[in-house]
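File shown here: upload39.cif, holding mmCIF, N, CA and C atoms.
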data_coords
#
loop_
_atom_site.label_atom_id
_atom_site.label_comp_id
_atom_site.auth_asym_id
_atom_site.auth_seq_id
_atom_site.Cartn_x
_atom_site.Cartn_y
_atom_site.Cartn_z
N MET A 469 -16.58 14.63 15.35
CA MET A 469 -17.52 13.67 14.81
C MET A 469 -18.68 14.34 14.09
N GLY A 470 -19.02 15.58 14.44
CA GLY A 470 -20.16 16.26 13.84
C GLY A 470 -20.08 16.37 12.34
N ARG A 471 -18.92 16.78 11.83
CA ARG A 471 -18.78 16.90 10.38
C ARG A 471 -18.85 15.53 9.71
N ASP A 472 -18.33 14.50 10.38
CA ASP A 472 -18.39 13.15 9.82
C ASP A 472 -19.85 12.72 9.65
N ILE A 473 -20.65 12.96 10.67
CA ILE A 473 -22.06 12.59 10.62
C ILE A 473 -22.78 13.41 9.55
N TYR A 474 -22.49 14.71 9.48
CA TYR A 474 -23.10 15.57 8.45
C TYR A 474 -22.82 15.01 7.06
N ARG A 475 -21.57 14.69 6.81
CA ARG A 475 -21.18 14.20 5.48
C ARG A 475 -21.83 12.86 5.20
N TRP A 476 -21.84 11.96 6.20
CA TRP A 476 -22.45 10.65 6.01
C TRP A 476 -23.94 10.81 5.71
N HIS A 477 -24.62 11.67 6.46
CA HIS A 477 -26.05 11.89 6.20
C HIS A 477 -26.28 12.44 4.80
N SER A 478 -25.45 13.36 4.38
CA SER A 478 -25.58 13.92 3.04
C SER A 478 -25.44 12.82 1.98
N ASP A 479 -24.42 11.99 2.13
CA ASP A 479 -24.23 10.91 1.16
C ASP A 479 -25.33 9.86 1.27
N LEU A 480 -25.82 9.64 2.47
CA LEU A 480 -26.94 8.73 2.67
C LEU A 480 -28.15 9.19 1.85
N TYR A 481 -28.47 10.48 1.93
CA TYR A 481 -29.61 11.01 1.18
C TYR A 481 -29.36 10.96 -0.32
N ILE A 482 -28.13 11.21 -0.74
CA ILE A 482 -27.82 11.09 -2.17
C ILE A 482 -28.06 9.65 -2.62
N CYS A 483 -27.55 8.69 -1.86
CA CYS A 483 -27.69 7.29 -2.26
C CYS A 483 -29.13 6.80 -2.21
N THR A 484 -29.90 7.23 -1.22
CA THR A 484 -31.30 6.81 -1.20
C THR A 484 -32.07 7.45 -2.35
N GLY A 485 -31.70 8.68 -2.73
CA GLY A 485 -32.32 9.31 -3.89
C GLY A 485 -31.99 8.56 -5.18
N ILE A 486 -30.74 8.16 -5.32
CA ILE A 486 -30.34 7.38 -6.50
C ILE A 486 -31.09 6.04 -6.52
N ALA A 487 -31.17 5.38 -5.36
CA ALA A 487 -31.89 4.10 -5.29
C ALA A 487 -33.35 4.26 -5.70
N TYR A 488 -33.98 5.35 -5.24
CA TYR A 488 -35.37 5.59 -5.61
C TYR A 488 -35.49 5.87 -7.11
N ALA A 489 -34.58 6.68 -7.65
CA ALA A 489 -34.60 6.97 -9.09
C ALA A 489 -34.48 5.67 -9.89
N LYS A 490 -33.56 4.80 -9.48
CA LYS A 490 -33.40 3.52 -10.17
C LYS A 490 -34.68 2.69 -10.11
N LYS A 491 -35.32 2.71 -8.95
CA LYS A 491 -36.58 1.97 -8.80
C LYS A 491 -37.65 2.52 -9.75
N MET A 492 -37.58 3.82 -10.04
CA MET A 492 -38.54 4.46 -10.94
C MET A 492 -38.10 4.39 -12.41
N GLY A 493 -37.02 3.64 -12.67
CA GLY A 493 -36.57 3.45 -14.04
C GLY A 493 -35.63 4.52 -14.57
N LYS A 494 -35.09 5.34 -13.70
CA LYS A 494 -34.17 6.41 -14.10
C LYS A 494 -32.73 6.01 -13.77
N THR A 495 -31.79 6.56 -14.49
CA THR A 495 -30.38 6.29 -14.23
C THR A 495 -29.86 7.28 -13.18
N PRO A 496 -28.73 6.96 -12.56
CA PRO A 496 -28.11 7.94 -11.65
C PRO A 496 -27.80 9.26 -12.36
N GLU A 497 -27.43 9.19 -13.64
CA GLU A 497 -27.15 10.41 -14.40
C GLU A 497 -28.41 11.25 -14.59
N GLU A 498 -29.52 10.60 -14.89
CA GLU A 498 -30.78 11.35 -15.06
C GLU A 498 -31.18 12.01 -13.74
N TYR A 499 -31.06 11.29 -12.66
CA TYR A 499 -31.38 11.86 -11.35
C TYR A 499 -30.42 13.00 -11.02
N GLY A 500 -29.14 12.81 -11.32
CA GLY A 500 -28.15 13.86 -11.07
C GLY A 500 -28.46 15.13 -11.83
N ARG A 501 -28.81 15.00 -13.12
CA ARG A 501 -29.17 16.18 -13.91
C ARG A 501 -30.39 16.88 -13.33
N PHE A 502 -31.38 16.09 -12.90
CA PHE A 502 -32.57 16.65 -12.28
C PHE A 502 -32.19 17.48 -11.05
N VAL A 503 -31.37 16.91 -10.17
CA VAL A 503 -30.97 17.60 -8.95
C VAL A 503 -30.17 18.86 -9.31
N GLY A 504 -29.23 18.74 -10.24
CA GLY A 504 -28.42 19.89 -10.64
C GLY A 504 -29.26 21.02 -11.24
N GLU A 505 -30.21 20.66 -12.10
CA GLU A 505 -31.08 21.68 -12.71
C GLU A 505 -31.99 22.33 -11.66
N LEU A 506 -32.45 21.54 -10.71
CA LEU A 506 -33.29 22.08 -9.65
C LEU A 506 -32.50 23.03 -8.75
N PHE A 507 -31.26 22.66 -8.46
CA PHE A 507 -30.42 23.40 -7.52
C PHE A 507 -29.72 24.61 -8.14
N ALA A 508 -29.46 24.59 -9.45
CA ALA A 508 -28.67 25.64 -10.10
C ALA A 508 -29.16 27.06 -9.81
N PRO A 509 -30.45 27.36 -9.89
CA PRO A 509 -30.88 28.73 -9.62
C PRO A 509 -30.57 29.25 -8.22
N SER A 510 -30.30 28.35 -7.28
CA SER A 510 -29.95 28.81 -5.94
C SER A 510 -28.57 29.47 -5.91
N TRP A 511 -27.85 29.37 -7.02
CA TRP A 511 -26.53 30.00 -7.16
C TRP A 511 -26.63 31.39 -7.80
N GLU A 512 -27.81 31.96 -7.90
CA GLU A 512 -27.99 33.24 -8.59
C GLU A 512 -27.09 34.34 -8.03
N ASP A 513 -27.00 34.47 -6.71
CA ASP A 513 -26.15 35.52 -6.13
C ASP A 513 -24.70 35.35 -6.55
N THR A 514 -24.24 34.12 -6.59
CA THR A 514 -22.86 33.86 -7.02
C THR A 514 -22.70 34.17 -8.50
N ARG A 515 -23.67 33.78 -9.31
CA ARG A 515 -23.60 34.01 -10.75
C ARG A 515 -23.49 35.50 -11.07
N GLU A 516 -24.24 36.32 -10.34
CA GLU A 516 -24.21 37.76 -10.58
C GLU A 516 -22.83 38.36 -10.32
N LYS A 517 -22.06 37.77 -9.44
CA LYS A 517 -20.71 38.27 -9.12
C LYS A 517 -19.67 37.85 -10.15
N LYS A 518 -20.02 36.90 -11.02
CA LYS A 518 -19.14 36.40 -12.08
C LYS A 518 -17.75 36.00 -11.57
N PRO A 519 -17.72 35.14 -10.57
CA PRO A 519 -16.41 34.74 -10.04
C PRO A 519 -15.65 33.87 -11.03
N GLY A 520 -14.36 33.84 -10.89
CA GLY A 520 -13.52 33.04 -11.75
C GLY A 520 -13.39 31.61 -11.26
N PRO A 521 -12.69 30.79 -12.02
CA PRO A 521 -12.54 29.38 -11.69
C PRO A 521 -11.91 29.13 -10.31
N GLU A 522 -11.02 29.99 -9.88
CA GLU A 522 -10.37 29.80 -8.59
C GLU A 522 -11.40 29.81 -7.45
N TYR A 523 -12.41 30.64 -7.57
CA TYR A 523 -13.48 30.69 -6.55
C TYR A 523 -14.12 29.31 -6.41
N PHE A 524 -14.39 28.67 -7.53
CA PHE A 524 -15.07 27.38 -7.48
C PHE A 524 -14.18 26.28 -6.91
N ALA A 525 -12.89 26.37 -7.17
CA ALA A 525 -11.96 25.41 -6.56
C ALA A 525 -11.98 25.57 -5.04
N LYS A 526 -12.00 26.80 -4.56
CA LYS A 526 -12.05 27.04 -3.12
C LYS A 526 -13.38 26.56 -2.53
N PHE A 527 -14.47 26.80 -3.24
CA PHE A 527 -15.77 26.32 -2.77
C PHE A 527 -15.79 24.80 -2.73
N TYR A 528 -15.30 24.17 -3.79
CA TYR A 528 -15.24 22.71 -3.87
C TYR A 528 -14.46 22.17 -2.67
N TYR A 529 -13.32 22.81 -2.39
CA TYR A 529 -12.50 22.38 -1.26
C TYR A 529 -13.27 22.52 0.06
N SER A 530 -13.91 23.66 0.26
CA SER A 530 -14.62 23.87 1.53
C SER A 530 -15.76 22.87 1.70
N HIS A 531 -16.43 22.54 0.61
CA HIS A 531 -17.53 21.57 0.65
C HIS A 531 -17.00 20.16 0.94
N MET A 532 -15.99 19.74 0.21
CA MET A 532 -15.48 18.38 0.34
C MET A 532 -14.65 18.17 1.61
N SER A 533 -14.17 19.24 2.20
CA SER A 533 -13.36 19.08 3.41
C SER A 533 -14.21 18.63 4.61
N ALA A 534 -15.51 18.50 4.42
CA ALA A 534 -16.35 17.90 5.45
C ALA A 534 -15.98 16.43 5.66
N TYR A 535 -15.36 15.83 4.66
CA TYR A 535 -14.82 14.48 4.84
C TYR A 535 -13.52 14.59 5.62
N PRO A 536 -13.36 13.83 6.69
CA PRO A 536 -12.15 13.98 7.51
C PRO A 536 -10.86 13.62 6.79
N ASP A 537 -10.91 12.73 5.82
CA ASP A 537 -9.69 12.29 5.12
C ASP A 537 -9.53 12.93 3.75
N PHE A 538 -10.22 14.03 3.50
CA PHE A 538 -10.18 14.66 2.19
C PHE A 538 -8.81 15.28 1.91
N GLU A 539 -8.32 15.06 0.69
CA GLU A 539 -7.08 15.67 0.21
C GLU A 539 -7.34 16.25 -1.18
N MET A 540 -6.76 17.40 -1.43
CA MET A 540 -6.93 18.05 -2.74
C MET A 540 -5.64 18.78 -3.10
N ASP A 541 -5.25 18.65 -4.37
CA ASP A 541 -4.08 19.34 -4.89
C ASP A 541 -4.48 20.12 -6.14
N VAL A 542 -4.17 21.41 -6.16
CA VAL A 542 -4.41 22.23 -7.35
C VAL A 542 -3.28 21.95 -8.33
N LEU A 543 -3.63 21.60 -9.55
CA LEU A 543 -2.65 21.25 -10.57
C LEU A 543 -2.32 22.43 -11.48
N GLU A 544 -3.35 23.18 -11.85
CA GLU A 544 -3.18 24.35 -12.73
C GLU A 544 -4.28 25.35 -12.42
N VAL A 545 -3.95 26.62 -12.52
CA VAL A 545 -4.96 27.66 -12.36
C VAL A 545 -4.55 28.87 -13.17
N ASP A 546 -5.51 29.45 -13.87
CA ASP A 546 -5.31 30.74 -14.54
C ASP A 546 -6.65 31.47 -14.54
N SER A 547 -6.75 32.56 -15.24
CA SER A 547 -7.96 33.38 -15.14
C SER A 547 -9.20 32.70 -15.74
N ASP A 548 -9.01 31.70 -16.60
CA ASP A 548 -10.15 31.06 -17.25
C ASP A 548 -10.37 29.60 -16.86
N SER A 549 -9.45 29.02 -16.12
CA SER A 549 -9.63 27.61 -15.78
C SER A 549 -8.87 27.23 -14.52
N VAL A 550 -9.30 26.13 -13.95
CA VAL A 550 -8.61 25.53 -12.81
C VAL A 550 -8.69 24.02 -12.98
N ARG A 551 -7.62 23.37 -12.62
CA ARG A 551 -7.58 21.91 -12.67
C ARG A 551 -7.01 21.44 -11.34
N PHE A 552 -7.73 20.54 -10.69
CA PHE A 552 -7.26 20.01 -9.42
C PHE A 552 -7.65 18.55 -9.31
N LYS A 553 -7.03 17.87 -8.37
CA LYS A 553 -7.39 16.48 -8.13
C LYS A 553 -7.66 16.31 -6.65
N HIS A 554 -8.53 15.36 -6.35
CA HIS A 554 -8.81 15.05 -4.96
C HIS A 554 -8.98 13.55 -4.81
N ASN A 555 -8.70 13.10 -3.60
CA ASN A 555 -8.95 11.70 -3.31
C ASN A 555 -10.46 11.47 -3.25
N ARG A 556 -10.82 10.25 -3.06
CA ARG A 556 -12.24 9.89 -3.03
C ARG A 556 -12.58 9.40 -1.61
N PRO A 557 -12.71 10.33 -0.66
CA PRO A 557 -12.86 9.95 0.75
C PRO A 557 -14.16 9.20 1.05
N TYR A 558 -15.10 9.24 0.16
CA TYR A 558 -16.38 8.55 0.32
C TYR A 558 -16.25 7.06 -0.04
N ARG A 559 -15.11 6.65 -0.55
CA ARG A 559 -14.93 5.25 -0.97
C ARG A 559 -15.22 4.26 0.15
N SER A 560 -14.92 4.64 1.38
CA SER A 560 -15.10 3.70 2.49
C SER A 560 -16.56 3.27 2.63
N TYR A 561 -17.49 4.11 2.20
CA TYR A 561 -18.91 3.75 2.28
C TYR A 561 -19.23 2.53 1.40
N PHE A 562 -18.41 2.33 0.36
CA PHE A 562 -18.71 1.32 -0.64
C PHE A 562 -17.73 0.15 -0.62
N GLU A 563 -16.81 0.11 0.35
CA GLU A 563 -15.75 -0.90 0.34
C GLU A 563 -16.26 -2.32 0.50
N ASN A 564 -17.17 -2.56 1.40
CA ASN A 564 -17.62 -3.92 1.66
C ASN A 564 -18.90 -4.29 0.92
N GLU A 565 -19.64 -3.29 0.51
CA GLU A 565 -20.89 -3.52 -0.20
C GLU A 565 -21.37 -2.20 -0.77
N ASP A 566 -22.44 -2.27 -1.51
CA ASP A 566 -23.01 -1.02 -2.00
C ASP A 566 -23.70 -0.31 -0.84
N MET A 567 -24.11 0.91 -1.10
CA MET A 567 -24.77 1.70 -0.06
C MET A 567 -26.23 1.86 -0.45
N PHE A 568 -27.10 1.09 0.20
CA PHE A 568 -28.54 1.12 -0.08
C PHE A 568 -28.84 0.79 -1.54
N GLY A 569 -28.07 -0.16 -2.08
CA GLY A 569 -28.29 -0.58 -3.47
C GLY A 569 -27.59 0.29 -4.49
N VAL A 570 -26.72 1.19 -4.07
CA VAL A 570 -26.02 2.10 -4.97
C VAL A 570 -24.52 1.80 -4.92
N THR A 571 -23.91 1.67 -6.08
CA THR A 571 -22.47 1.41 -6.16
C THR A 571 -21.70 2.73 -6.20
N ILE A 572 -20.40 2.64 -5.99
CA ILE A 572 -19.58 3.85 -6.07
C ILE A 572 -19.61 4.45 -7.47
N ASP A 573 -19.67 3.60 -8.50
CA ASP A 573 -19.74 4.11 -9.87
C ASP A 573 -21.02 4.92 -10.08
N GLU A 574 -22.12 4.42 -9.54
CA GLU A 574 -23.39 5.14 -9.67
C GLU A 574 -23.36 6.45 -8.88
N TYR A 575 -22.77 6.41 -7.70
CA TYR A 575 -22.63 7.63 -6.88
C TYR A 575 -21.82 8.68 -7.64
N GLU A 576 -20.69 8.28 -8.21
CA GLU A 576 -19.85 9.23 -8.93
C GLU A 576 -20.51 9.71 -10.22
N ALA A 577 -21.29 8.85 -10.87
CA ALA A 577 -22.04 9.28 -12.06
C ALA A 577 -23.07 10.34 -11.68
N PHE A 578 -23.74 10.14 -10.55
CA PHE A 578 -24.68 11.14 -10.05
C PHE A 578 -23.97 12.46 -9.79
N MET A 579 -22.83 12.40 -9.09
CA MET A 579 -22.10 13.63 -8.74
C MET A 579 -21.70 14.40 -10.00
N LYS A 580 -21.18 13.69 -10.97
CA LYS A 580 -20.78 14.34 -12.22
C LYS A 580 -22.00 15.00 -12.89
N ALA A 581 -23.08 14.24 -13.01
CA ALA A 581 -24.28 14.76 -13.68
C ALA A 581 -24.92 15.91 -12.92
N SER A 582 -24.85 15.91 -11.60
CA SER A 582 -25.46 17.01 -10.84
C SER A 582 -24.61 18.28 -10.90
N ASN A 583 -23.31 18.13 -11.05
CA ASN A 583 -22.44 19.30 -11.13
C ASN A 583 -22.50 20.01 -12.48
N GLU A 584 -22.82 19.30 -13.54
CA GLU A 584 -22.82 19.90 -14.88
C GLU A 584 -23.83 21.03 -15.04
N PRO A 585 -25.11 20.87 -14.67
CA PRO A 585 -26.05 21.99 -14.83
C PRO A 585 -25.72 23.18 -13.92
N ILE A 586 -25.20 22.91 -12.74
CA ILE A 586 -24.83 23.99 -11.83
C ILE A 586 -23.67 24.78 -12.43
N SER A 587 -22.66 24.07 -12.91
CA SER A 587 -21.53 24.73 -13.54
C SER A 587 -21.96 25.52 -14.76
N GLY A 588 -22.82 24.92 -15.57
CA GLY A 588 -23.32 25.62 -16.76
C GLY A 588 -24.07 26.90 -16.39
N TYR A 589 -24.86 26.84 -15.35
CA TYR A 589 -25.59 28.01 -14.87
C TYR A 589 -24.64 29.13 -14.48
N LEU A 590 -23.46 28.72 -14.00
CA LEU A 590 -22.46 29.68 -13.56
C LEU A 590 -21.46 30.03 -14.66
N ASN A 591 -21.81 29.69 -15.90
CA ASN A 591 -20.99 30.01 -17.07
C ASN A 591 -19.65 29.28 -17.05
N MET A 592 -19.66 28.07 -16.51
CA MET A 592 -18.46 27.25 -16.43
C MET A 592 -18.74 25.88 -17.04
N ASN A 593 -17.70 25.27 -17.57
CA ASN A 593 -17.74 23.86 -17.94
C ASN A 593 -17.01 23.10 -16.85
N ILE A 594 -17.47 21.90 -16.55
CA ILE A 594 -16.79 21.06 -15.56
C ILE A 594 -16.59 19.67 -16.15
N GLU A 595 -15.42 19.14 -15.93
CA GLU A 595 -15.11 17.77 -16.32
C GLU A 595 -14.57 17.05 -15.10
N LEU A 596 -15.08 15.87 -14.84
CA LEU A 596 -14.58 15.02 -13.76
C LEU A 596 -14.09 13.73 -14.39
N GLU A 597 -12.87 13.37 -14.06
CA GLU A 597 -12.26 12.20 -14.67
C GLU A 597 -11.54 11.40 -13.59
N LEU A 598 -11.80 10.12 -13.56
CA LEU A 598 -11.16 9.24 -12.59
C LEU A 598 -9.75 8.91 -13.06
N ASP A 599 -8.79 9.06 -12.16
CA ASP A 599 -7.39 8.73 -12.44
C ASP A 599 -6.87 7.91 -11.26
N GLY A 600 -7.04 6.61 -11.34
CA GLY A 600 -6.67 5.74 -10.23
C GLY A 600 -7.55 6.03 -9.03
N ASP A 601 -6.92 6.36 -7.91
CA ASP A 601 -7.67 6.68 -6.69
C ASP A 601 -8.04 8.16 -6.60
N TRP A 602 -7.76 8.92 -7.64
CA TRP A 602 -7.99 10.37 -7.63
C TRP A 602 -9.08 10.75 -8.62
N MET A 603 -9.83 11.77 -8.26
CA MET A 603 -10.78 12.39 -9.17
C MET A 603 -10.14 13.68 -9.64
N VAL A 604 -10.00 13.83 -10.95
CA VAL A 604 -9.41 15.04 -11.52
C VAL A 604 -10.55 15.92 -12.02
N VAL A 605 -10.59 17.14 -11.56
CA VAL A 605 -11.66 18.09 -11.89
C VAL A 605 -11.06 19.25 -12.67
N THR A 606 -11.66 19.54 -13.82
CA THR A 606 -11.26 20.69 -14.62
C THR A 606 -12.46 21.58 -14.79
N MET A 607 -12.31 22.85 -14.40
CA MET A 607 -13.38 23.83 -14.57
C MET A 607 -12.85 24.94 -15.46
N THR A 608 -13.62 25.23 -16.51
CA THR A 608 -13.20 26.22 -17.50
C THR A 608 -14.33 27.20 -17.73
N ARG A 609 -13.99 28.47 -17.75
CA ARG A 609 -14.98 29.52 -18.02
C ARG A 609 -15.45 29.37 -19.47
N LYS A 610 -16.77 29.43 -19.67
CA LYS A 610 -17.31 29.38 -21.04
C LYS A 610 -16.97 30.69 -21.74
N GLN A 611 -16.62 30.59 -22.98
CA GLN A 611 -16.25 31.78 -23.77
C GLN A 611 -17.44 32.36 -24.48
#

Please go through the file and, once you have read it, give me the structure as structure tokens.
Amino acid sequence: MGRDIYRWHSDLYICTGIAYAKKMGKTPEEYGRFVGELFAPSWEDTREKKPGPEYFAKFYYSHMSAYPDFEMDVLEVDSDSVRFKHNRPYRSYFENEDMFGVTIDEYEAFMKASNEPISGYLNMNIELELDGDWMVVTMTRKQ
């Protein structure tokens, strides 16, 4: 249960942050970019090591596996890119209603926007695309 509570609290704080940003006239994307830009420099040690895309897929997996029902499949990987898909285990938070005034679309918009500056800081491009019940993530090393 510990990891479940950790993950729920993390998403709770994300959603309350999005709700506050909306109250202040900002979009979930604007708030996500703010969080990503603020957080990106904390990746300095990783950036100095210049890891490849596979490292980030493994990190993504370790982070998201805090959800008990998380599933992820790697679709493609090479020295410059990785493409994988994962289910959306956080969906249950939004099934019956929004979460503190935040919809699943707003939550996912925040996640996409917060990941972009971090990926850019690490010399990577990231694309997140919804495909039915799956989120498809493509990370490509910037040339």

Proximity of segment 530-588 of chain A to segment 473-480 of chain A: per-residue shortest pair, 8 Å limit, only N, CA and C atoms, as a tab-separated table:
residue	atom	partner	partner_atom	distance
A:Ala534	C	A:Arg475	CA	5.7
A:Tyr535	N	A:Arg475	CA	6.1
A:Pro536	N	A:Arg475	CA	7.9
A:Met567	C	A:Leu480	CA	7.6

Using only C-alpha atoms: which of A:Cys483, A:Leu596, A:Val604, A:Val542 has the shortest distance to Tyr558 of chain A: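 The shortest atom-to-atom distance to Tyr558 of chain A comes from A:Cys483.
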
Can you tell me, as an NGL selection string, which residues in segment 480-565 of chain A count as strand (DSSP E or B) by DSSP? :A and (540-545 or 549-555)

Alpha helix (DSSP H) call set, DSSP backbone run, segment 487-587 of chain A, as a ChimeraX atom specification: /A:487-491,496-507,512-517,521-532,572-587

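The space separating atom CA of Asp546 of chain A from atom CA of Glu512 of chain A comes to 23.6 Å.
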
Using only C-alpha atoms, pick whichever of A:Lys518, A:Thr608, A:Leu506, A:Ala581 has the shortest atom-to-atom distance to Glu544 of chain A. A:Thr608
